[in-house]
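Trainee: Structure file model.pdb (PDB, C-alpha atoms) is given on the next line.
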```pdb
ATOM      1  CA  MET R 587       0.000   0.000   0.000  1.00  0.00           C
ATOM      2  CA  LYS R 588       1.078   3.598  -0.698  1.00  0.00           C
ATOM      3  CA  LEU R 589       1.228   6.324   1.946  1.00  0.00           C
ATOM      4  CA  LYS R 590       1.672  10.031   1.244  1.00  0.00           C
ATOM      5  CA  LEU R 591       4.508  11.979   2.831  1.00  0.00           C
ATOM      6  CA  LYS R 592       3.690  15.346   4.386  1.00  0.00           C
ATOM      7  CA  ASP R 593       6.635  17.171   2.787  1.00  0.00           C
ATOM      8  CA  LYS R 594       6.672  15.495  -0.665  1.00  0.00           C
ATOM      9  CA  GLY R 595       6.443  12.125  -2.346  1.00  0.00           C
ATOM     10  CA  SER R 596       5.028   8.806  -1.169  1.00  0.00           C
ATOM     11  CA  VAL R 597       6.243   5.542   0.301  1.00  0.00           C
ATOM     12  CA  ASP R 598       5.316   1.888  -0.206  1.00  0.00           C
ATOM     13  CA  VAL R 599       4.592  -0.039   2.999  1.00  0.00           C
ATOM     14  CA  ALA R 600       3.492  -3.589   3.728  1.00  0.00           C
ATOM     15  CA  GLU R 601      -0.255  -4.177   3.883  1.00  0.00           C
ATOM     16  CA  ALA R 602       0.346  -6.685   6.692  1.00  0.00           C
ATOM     17  CA  ALA R 603       1.825  -3.999   8.976  1.00  0.00           C
ATOM     18  CA  PHE R 604      -0.345  -0.973   8.144  1.00  0.00           C
ATOM     19  CA  GLY R 605      -3.538  -2.427   6.687  1.00  0.00           C
ATOM     20  CA  ALA R 606      -4.812  -4.461   9.637  1.00  0.00           C
ATOM     21  CA  LYS R 607      -8.438  -4.432  10.787  1.00  0.00           C
ATOM     22  CA  PHE R 608      -9.402  -2.430  13.860  1.00  0.00           C
ATOM     23  CA  ASN R 609      -9.668  -4.809  16.826  1.00  0.00           C
ATOM     24  CA  GLU R 610     -10.999  -2.728  19.725  1.00  0.00           C
ATOM     25  CA  ALA R 611     -11.174  -5.623  22.207  1.00  0.00           C
ATOM     26  CA  LEU R 612      -7.537  -6.585  21.615  1.00  0.00           C
ATOM     27  CA  ILE R 613      -6.330  -2.980  21.865  1.00  0.00           C
ATOM     28  CA  HIS R 614      -8.247  -2.525  25.121  1.00  0.00           C
ATOM     29  CA  GLN R 615      -6.740  -5.707  26.552  1.00  0.00           C
ATOM     30  CA  VAL R 616      -3.172  -4.764  25.601  1.00  0.00           C
ATOM     31  CA  VAL R 617      -3.483  -1.151  26.830  1.00  0.00           C
ATOM     32  CA  THR R 618      -5.013  -2.317  30.133  1.00  0.00           C
ATOM     33  CA  ALA R 619      -2.262  -4.924  30.585  1.00  0.00           C
ATOM     34  CA  TYR R 620       0.442  -2.335  29.826  1.00  0.00           C
ATOM     35  CA  GLN R 621      -0.975   0.117  32.374  1.00  0.00           C
ATOM     36  CA  ALA R 622      -1.439  -2.645  34.959  1.00  0.00           C
ATOM     37  CA  GLY R 623       2.204  -3.634  34.515  1.00  0.00           C
ATOM     38  CA  SER R 624       3.345  -0.156  35.549  1.00  0.00           C
ATOM     39  CA  ARG R 625       1.465  -0.284  38.864  1.00  0.00           C
ATOM     40  CA  ALA R 626       3.799  -0.420  41.852  1.00  0.00           C
ATOM     41  CA  GLY R 627       1.617  -2.644  44.059  1.00  0.00           C
ATOM     42  CA  THR R 628       3.445  -1.574  47.222  1.00  0.00           C
ATOM     43  CA  LYS R 629       0.466  -1.390  49.601  1.00  0.00           C
ATOM     44  CA  ALA R 630       1.340  -3.222  52.834  1.00  0.00           C
ATOM     45  CA  GLN R 631      -0.333  -3.561  56.236  1.00  0.00           C
ATOM     46  CA  LYS R 632       0.628  -5.506  59.349  1.00  0.00           C
ATOM     47  CA  ASN R 633      -1.237  -8.525  60.653  1.00  0.00           C
ATOM     48  CA  ARG R 634      -1.218  -9.501  64.343  1.00  0.00           C
ATOM     49  CA  SER R 635       2.097 -11.359  64.035  1.00  0.00           C
ATOM     50  CA  ALA R 636       3.859  -8.371  62.420  1.00  0.00           C
ATOM     51  CA  VAL R 637       2.726  -5.687  64.914  1.00  0.00           C
ATOM     52  CA  ARG R 638       5.246  -4.914  67.650  1.00  0.00           C
ATOM     53  CA  GLY R 639       4.460  -6.010  71.206  1.00  0.00           C
ATOM     54  CA  GLY R 640       1.699  -8.197  72.612  1.00  0.00           C
ATOM     55  CA  GLY R 641       3.960 -10.966  73.886  1.00  0.00           C
ATOM     56  CA  ALA R 642       2.477 -11.263  77.373  1.00  0.00           C
ATOM     57  CA  LYS R 643      -1.118 -12.109  78.234  1.00  0.00           C
ATOM     58  CA  PRO R 644      -2.744  -8.826  79.403  1.00  0.00           C
ATOM     59  CA  TRP R 645      -4.524 -10.336  82.420  1.00  0.00           C
ATOM     60  CA  ASN R 646      -5.470 -13.664  83.918  1.00  0.00           C
ATOM     61  CA  GLN R 647      -7.835 -15.907  82.006  1.00  0.00           C
ATOM     62  CA  LYS R 648     -10.289 -16.102  84.941  1.00  0.00           C
ATOM     63  CA  GLY R 649     -11.293 -14.086  87.970  1.00  0.00           C
ATOM     64  CA  THR R 650     -11.126 -10.522  86.652  1.00  0.00           C
ATOM     65  CA  GLY R 651     -14.706 -10.282  85.365  1.00  0.00           C
ATOM     66  CA  ARG R 652     -13.447  -9.049  82.030  1.00  0.00           C
ATOM     67  CA  ALA R 653     -13.457 -10.832  78.690  1.00  0.00           C
ATOM     68  CA  ARG R 654     -10.527 -13.186  78.194  1.00  0.00           C
ATOM     69  CA  ALA R 655      -7.653 -11.746  76.167  1.00  0.00           C
ATOM     70  CA  GLY R 656      -4.456 -13.359  74.935  1.00  0.00           C
ATOM     71  CA  THR R 657      -2.656 -10.383  73.391  1.00  0.00           C
ATOM     72  CA  ILE R 658      -2.973  -6.610  73.208  1.00  0.00           C
ATOM     73  CA  ARG R 659      -2.257  -6.840  69.484  1.00  0.00           C
ATOM     74  CA  SER R 660      -5.530  -8.619  68.658  1.00  0.00           C
ATOM     75  CA  PRO R 661      -7.293  -7.160  65.582  1.00  0.00           C
ATOM     76  CA  ILE R 662     -10.198  -5.992  67.771  1.00  0.00           C
ATOM     77  CA  TRP R 663      -7.899  -3.913  69.976  1.00  0.00           C
ATOM     78  CA  VAL R 664      -6.753  -0.367  69.174  1.00  0.00           C
ATOM     79  CA  GLY R 665      -3.198  -0.645  67.863  1.00  0.00           C
ATOM     80  CA  GLY R 666      -3.718  -4.284  66.941  1.00  0.00           C
ATOM     81  CA  GLY R 667      -2.935  -5.912  63.611  1.00  0.00           C
ATOM     82  CA  ARG R 668      -5.277  -6.007  60.606  1.00  0.00           C
ATOM     83  CA  THR R 669      -7.361  -9.166  60.214  1.00  0.00           C
ATOM     84  CA  PHE R 670      -6.746  -9.549  56.472  1.00  0.00           C
ATOM     85  CA  ALA R 671      -3.659  -7.399  55.995  1.00  0.00           C
ATOM     86  CA  ALA R 672      -2.849  -6.253  52.468  1.00  0.00           C
ATOM     87  CA  LYS R 673       0.509  -7.411  51.140  1.00  0.00           C
ATOM     88  CA  PRO R 674       2.572  -6.157  48.150  1.00  0.00           C
ATOM     89  CA  ARG R 675       1.213  -7.732  44.974  1.00  0.00           C
ATOM     90  CA  ASN R 676       2.042  -7.986  41.309  1.00  0.00           C
ATOM     91  CA  PHE R 677      -0.549  -6.565  38.885  1.00  0.00           C
ATOM     92  CA  ASP R 678       1.075  -7.964  35.724  1.00  0.00           C
ATOM     93  CA  GLN R 679      -1.259  -9.413  33.108  1.00  0.00           C
ATOM     94  CA  LYS R 680       0.068 -11.902  30.578  1.00  0.00           C
ATOM     95  CA  VAL R 681       0.005 -10.717  26.960  1.00  0.00           C
ATOM     96  CA  ASN R 682       1.604 -12.834  24.245  1.00  0.00           C
ATOM     97  CA  LYS R 683       4.091 -11.222  21.829  1.00  0.00           C
ATOM     98  CA  LYS R 684       1.768 -12.130  18.958  1.00  0.00           C
ATOM     99  CA  MET R 685      -1.156 -10.287  20.620  1.00  0.00           C
ATOM    100  CA  TYR R 686       1.025  -7.279  21.448  1.00  0.00           C
ATOM    101  CA  ARG R 687       2.252  -6.934  17.849  1.00  0.00           C
ATOM    102  CA  ALA R 688      -1.274  -7.450  16.477  1.00  0.00           C
ATOM    103  CA  ALA R 689      -2.547  -4.631  18.732  1.00  0.00           C
ATOM    104  CA  LEU R 690       0.197  -2.265  17.512  1.00  0.00           C
ATOM    105  CA  ARG R 691      -0.600  -3.157  13.884  1.00  0.00           C
ATOM    106  CA  SER R 692      -4.302  -2.476  14.512  1.00  0.00           C
ATOM    107  CA  MET R 693      -3.578   0.875  16.194  1.00  0.00           C
ATOM    108  CA  LEU R 694      -1.206   2.113  13.482  1.00  0.00           C
ATOM    109  CA  SER R 695      -3.605   1.012  10.730  1.00  0.00           C
ATOM    110  CA  GLU R 696      -6.451   2.906  12.417  1.00  0.00           C
ATOM    111  CA  LEU R 697      -4.245   6.016  12.741  1.00  0.00           C
ATOM    112  CA  ILE R 698      -3.703   5.883   8.955  1.00  0.00           C
ATOM    113  CA  ARG R 699      -7.424   5.444   8.269  1.00  0.00           C
ATOM    114  CA  GLN R 700      -8.229   8.467  10.470  1.00  0.00           C
ATOM    115  CA  ASP R 701      -5.457  10.602   8.858  1.00  0.00           C
ATOM    116  CA  ARG R 702      -3.726  10.882  12.218  1.00  0.00           C
ATOM    117  CA  LEU R 703      -0.389   9.413  11.094  1.00  0.00           C
ATOM    118  CA  VAL R 704       1.849  12.093   9.526  1.00  0.00           C
ATOM    119  CA  ILE R 705       4.945  10.863   7.682  1.00  0.00           C
ATOM    120  CA  VAL R 706       7.926  13.084   6.875  1.00  0.00           C
ATOM    121  CA  ASN R 707      11.299  12.361   5.258  1.00  0.00           C
ATOM    122  CA  ASP R 708      13.327  13.810   8.104  1.00  0.00           C
ATOM    123  CA  LEU R 709      12.839  15.914  11.233  1.00  0.00           C
ATOM    124  CA  ALA R 710      16.424  16.952  11.982  1.00  0.00           C
ATOM    125  CA  ILE R 711      17.003  20.345  13.598  1.00  0.00           C
ATOM    126  CA  ASP R 712      20.291  22.296  13.624  1.00  0.00           C
ATOM    127  CA  ALA R 713      20.298  23.062  17.348  1.00  0.00           C
ATOM    128  CA  PRO R 714      18.389  21.897  20.448  1.00  0.00           C
ATOM    129  CA  LYS R 715      16.088  24.930  20.361  1.00  0.00           C
ATOM    130  CA  THR R 716      12.380  24.770  21.183  1.00  0.00           C
ATOM    131  CA  ARG R 717      11.715  27.589  18.711  1.00  0.00           C
ATOM    132  CA  LEU R 718      13.123  25.570  15.784  1.00  0.00           C
ATOM    133  CA  LEU R 719      10.956  22.532  16.516  1.00  0.00           C
ATOM    134  CA  ALA R 720       7.879  24.670  17.197  1.00  0.00           C
ATOM    135  CA  THR R 721       8.333  26.339  13.779  1.00  0.00           C
ATOM    136  CA  LYS R 722       8.544  22.941  12.047  1.00  0.00           C
ATOM    137  CA  LEU R 723       5.442  21.642  13.803  1.00  0.00           C
ATOM    138  CA  LYS R 724       3.588  24.832  12.873  1.00  0.00           C
ATOM    139  CA  GLU R 725       4.472  24.214   9.219  1.00  0.00           C
ATOM    140  CA  TYR R 726       2.894  20.759   9.475  1.00  0.00           C
ATOM    141  CA  GLU R 727      -0.113  22.222  11.386  1.00  0.00           C
ATOM    142  CA  LEU R 728       0.439  19.971  14.408  1.00  0.00           C
ATOM    143  CA  ASN R 729      -0.355  20.898  18.005  1.00  0.00           C
ATOM    144  CA  ASN R 730      -1.047  17.762  20.021  1.00  0.00           C
ATOM    145  CA  VAL R 731       1.484  15.346  18.564  1.00  0.00           C
ATOM    146  CA  LEU R 732       3.771  12.421  19.307  1.00  0.00           C
ATOM    147  CA  ILE R 733       7.086  12.458  17.425  1.00  0.00           C
ATOM    148  CA  LEU R 734       8.350   8.979  16.552  1.00  0.00           C
ATOM    149  CA  ASN R 735      12.027   8.827  15.627  1.00  0.00           C
ATOM    150  CA  GLU R 736      14.129   5.812  14.581  1.00  0.00           C
ATOM    151  CA  ALA R 737      16.576   6.350  17.481  1.00  0.00           C
ATOM    152  CA  PHE R 738      17.071   8.682  20.432  1.00  0.00           C
ATOM    153  CA  ASP R 739      17.957  12.184  19.213  1.00  0.00           C
ATOM    154  CA  GLU R 740      19.214  14.458  21.977  1.00  0.00           C
ATOM    155  CA  LYS R 741      18.610  17.674  20.011  1.00  0.00           C
ATOM    156  CA  LEU R 742      14.987  16.738  19.315  1.00  0.00           C
ATOM    157  CA  PHE R 743      14.452  15.598  22.906  1.00  0.00           C
ATOM    158  CA  LEU R 744      15.775  18.854  24.371  1.00  0.00           C
ATOM    159  CA  ALA R 745      13.784  20.926  21.866  1.00  0.00           C
ATOM    160  CA  ALA R 746      10.521  19.057  22.537  1.00  0.00           C
ATOM    161  CA  ARG R 747      10.533  18.791  26.327  1.00  0.00           C
ATOM    162  CA  ASN R 748       9.349  22.367  26.882  1.00  0.00           C
ATOM    163  CA  LEU R 749       6.499  22.181  24.364  1.00  0.00           C
ATOM    164  CA  PRO R 750       3.067  21.413  25.831  1.00  0.00           C
ATOM    165  CA  ASN R 751       1.166  18.509  24.227  1.00  0.00           C
ATOM    166  CA  VAL R 752       4.258  17.315  22.346  1.00  0.00           C
ATOM    167  CA  GLY R 753       5.758  13.915  23.134  1.00  0.00           C
ATOM    168  CA  ILE R 754       8.842  12.270  21.685  1.00  0.00           C
ATOM    169  CA  CYS R 755      10.013   8.675  21.673  1.00  0.00           C
ATOM    170  CA  ASP R 756      12.044   6.303  19.538  1.00  0.00           C
ATOM    171  CA  VAL R 757      10.713   3.146  17.893  1.00  0.00           C
ATOM    172  CA  ALA R 758      12.282   0.888  20.543  1.00  0.00           C
ATOM    173  CA  ALA R 759      10.377   2.726  23.311  1.00  0.00           C
ATOM    174  CA  MET R 760       7.042   2.839  21.435  1.00  0.00           C
ATOM    175  CA  ASP R 761       4.156   1.382  23.417  1.00  0.00           C
ATOM    176  CA  PRO R 762       0.330   1.155  23.046  1.00  0.00           C
ATOM    177  CA  VAL R 763      -0.390   3.822  25.677  1.00  0.00           C
ATOM    178  CA  VAL R 764       1.792   6.517  24.105  1.00  0.00           C
ATOM    179  CA  LEU R 765       0.189   5.886  20.684  1.00  0.00           C
ATOM    180  CA  ILE R 766      -3.320   6.684  21.958  1.00  0.00           C
ATOM    181  CA  ARG R 767      -2.304   9.625  24.141  1.00  0.00           C
ATOM    182  CA  PHE R 768      -1.901  12.192  21.351  1.00  0.00           C
ATOM    183  CA  ASP R 769      -4.169  13.449  18.560  1.00  0.00           C
ATOM    184  CA  LYS R 770      -1.572  12.863  15.844  1.00  0.00           C
ATOM    185  CA  VAL R 771       1.618  10.852  15.396  1.00  0.00           C
ATOM    186  CA  LEU R 772       4.490  12.360  13.405  1.00  0.00           C
ATOM    187  CA  VAL R 773       6.837   9.636  12.168  1.00  0.00           C
ATOM    188  CA  THR R 774      10.037   9.954  10.160  1.00  0.00           C
ATOM    189  CA  LEU R 775      10.595   7.743   7.112  1.00  0.00           C
ATOM    190  CA  PRO R 776      13.468   5.701   8.669  1.00  0.00           C
ATOM    191  CA  ALA R 777      11.299   5.139  11.771  1.00  0.00           C
ATOM    192  CA  LEU R 778       8.371   4.010   9.598  1.00  0.00           C
ATOM    193  CA  LYS R 779      10.599   1.463   7.847  1.00  0.00           C
ATOM    194  CA  LEU R 780      11.855   0.199  11.200  1.00  0.00           C
ATOM    195  CA  ILE R 781       8.267  -0.201  12.479  1.00  0.00           C
ATOM    196  CA  GLU R 782       7.333  -2.024   9.254  1.00  0.00           C
ATOM    197  CA  GLU R 783      10.288  -4.369   9.728  1.00  0.00           C
ATOM    198  CA  ARG R 784       9.263  -5.168  13.310  1.00  0.00           C
ATOM    199  CA  LEU R 785       5.542  -5.657  12.655  1.00  0.00           C
ATOM    200  CA  SER R 786       5.578  -7.457   9.287  1.00  0.00           C
TER     201      SER R 786
END
```
I'd like the structure from this file rewritten - as structure tokens, please.

Mentor:
Amino acid sequence: MKLKLKDKGSVDVAEAAFGAKFNEALIHQVVTAYQAGSRAGTKAQKNRSAVRGGGAKPWNQKGTGRARAGTIRSPIWVGGGRTFAAKPRNFDQKVNKKMYRAALRSMLSELIRQDRLVIVNDLAIDAPKTRLLATKLKEYELNNVLILNEAFDEKLFLAARNLPNVGICDVAAMDPVVLIRFDKVLVTLPALKLIEERLS
């Protein structure tokens, strides 16, 4: 299939990588799994064995007229342990490589169908200046945009970090969440070829 370049010309890409059907259920599953994987899961509480103190029996079993008690760290006492204490847990959800790649193919194909994928030959700037990148993006009429580059470019990174609603990442760091976060995705030609190679 042929895709138009924003500056000039066109490029041939594989139908398998950029002509996939939109699979909403799969995309939802992969995005949810990706977000779940970034959860820390560090919530922790103490049960009665983990709370400090409570070694001695507070009072005699019989003869006091009070209810029997074995420890001051019982869950029904103030300062006692929790009955079902929360422990650190792992929120990871299993997603096969095949499913992950299929979701990325579906997302990129849908971006093309909605005219949200903008392809350019090159996006090099002479100096790490926000003004230079802002001027280029204005030429392409892009405000809320993710810039996809083939590799990490320090000049582009420094120029983009002070622009609101502009994200930048390389192909290796591309993930499902970052693809749906922005209105448009600006991708360079070398990056597009690298994505095609990985998803075909």

Trainee: Which residues of stretch 726-763 of chain R have any atom within 9 Å of an atom in stretch 614-634 of chain R when counting only C-alpha atoms, and what is the closest pair of atoms for each, with the distance in Å to one decimal? Order the rows by chain and rising number and write it as JSON lines.

Mentor:
```
{"residue": "R:Asp761", "atom": "CA", "partner": "R:Tyr620", "partner_atom": "CA", "distance": 8.3}
{"residue": "R:Pro762", "atom": "CA", "partner": "R:Val617", "partner_atom": "CA", "distance": 5.8}
{"residue": "R:Val763", "atom": "CA", "partner": "R:Val617", "partner_atom": "CA", "distance": 6.0}
```

Trainee: Would you pick out the contacts of R:Phe743 at 9 Å or less, using all atoms listed in the file, so that residues sharing its chain but fewer than 4 positions from it are not included, and give the list as a list in words?

Mentor: Pro714, Phe738, Asp739, Arg747, Gly753, Ile754 and Cys755 of chain R

Trainee: Only C-alpha atoms, please: the residues just picked out, written as a compact mmCIF listing (two decimals), in the coordinates of the input.

Mentor:
```
# COMPACT_ATOMS: atom_id res chain seq x y z
CA PRO R 714 18.39 21.90 20.45
CA PHE R 738 17.07 8.68 20.43
CA ASP R 739 17.96 12.18 19.21
CA ARG R 747 10.53 18.79 26.33
CA GLY R 753 5.76 13.92 23.13
CA ILE R 754 8.84 12.27 21.68
CA CYS R 755 10.01 8.68 21.67
```

Trainee: What's the separation between atom CA of R:Ser695 and atom CA of R:Phe608, in Å to one decimal place?

Mentor: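 For atom CA of R:Ser695 relative to atom CA of R:Phe608, the distance reads 7.4 Å.
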
Trainee: Run the PyMOL selection byres ((chain R and resi 716-727) around 12) mentally over the shown coordinates, then write out the matched residues as a ChimeraX atom specification, using the chain letters and numbers from the document.

Mentor: /R:591-593,702-706,708-715,728-733,741-752,754,770-772

Trainee: For atom CA of R:Leu690 and atom CA of R:Glu782, determine how far apart the two atoms are, in Å to one decimal place.

Mentor: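 Between these atoms lies a distance of 10.9 Å.
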
Trainee: Which is closer to R:Ser660 than all the others in R:Lys643, R:Lys680, R:Arg675, R:Arg691, using all atoms listed in the file?

Mentor: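 That would be R:Lys643, the residue with the smallest distance to R:Ser660.
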
Trainee: Draw an axis-aligned box over all listed atoms of stretch 732-750 of chain R, pad each side with 8 Å, and write its centre and edge lengths in Å, one decimal, as AutoDock Vina command-line options.

Mentor:
```
--center_x 11.1 --center_y 14.1 --center_z 20.7 --size_x 32.1 --size_y 32.6 --size_z 28.3
```

Trainee: Please determine, counting only C-alpha atoms, which residue among R:Asn676, R:Asn609, R:Ser692, R:Gln647 has the shortest atom-to-atom distance to R:Leu765.

Mentor: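 Smallest distance to R:Leu765 is found for R:Ser692.
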
Trainee: Would you compute the distance between atom CA of R:Ala671 and atom CA of R:Trp645? Give it in Å to one decimal.

Mentor: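 Interatomic distance, atom CA of R:Ala671 to atom CA of R:Trp645: 26.6 Å.
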
Trainee: Give the answer as one residue: which of R:Ile698, R:Leu775, R:Leu612, R:Ile766 has the shortest atom-to-atom distance to R:Met587, using all atoms listed in the file?

Mentor: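 Of R:Ile698, R:Leu775, R:Leu612, R:Ile766, the one nearest R:Met587 is R:Ile698, counting all atoms listed in the file.
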
Trainee: Applying 10 Å and only C-alpha atoms, which residues near R:Arg638 remain after dropping the ones on its own chain fewer than 5 positions away? List them as a ChimeraX atom specification.

Mentor: /R:632,659,665-667

Trainee: Show me the residues close to (8.7, -1.5, 11.5) - anything with an atom within 12 Å, counting only C-alpha atoms - and format the list as a VMD selection string.

Mentor: chain R and resid 599 to 600 602 to 604 687 690 to 691 694 734 to 736 756 to 758 760 773 to 786

Trainee: With all atoms listed in the file as the basis for distance, which of R:Ala737, R:Phe677, R:Val664, R:Ala606 is at the shortest distance from R:Ala689?

Mentor: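 Looking only at the distances to R:Ala689, the closest residue turns out to be R:Ala606.
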
Trainee: Distance cut-off 9 Å, centre (-4.2, -8.0, 73.7) in file coordinates, counting only C-alpha atoms: which residues qualify? Return them as a ChimeraX atom specification.

Mentor: /R:640-644,655-663,666

Trainee: Check the smallest atom-to-atom distance from each of R:Ser635, R:Arg652, R:Glu696, R:Pro674 to R:Glu610 using all atoms listed in the file, then report the winner.

Mentor: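 Answer, going by the shortest atom-to-atom distance: R:Glu696.
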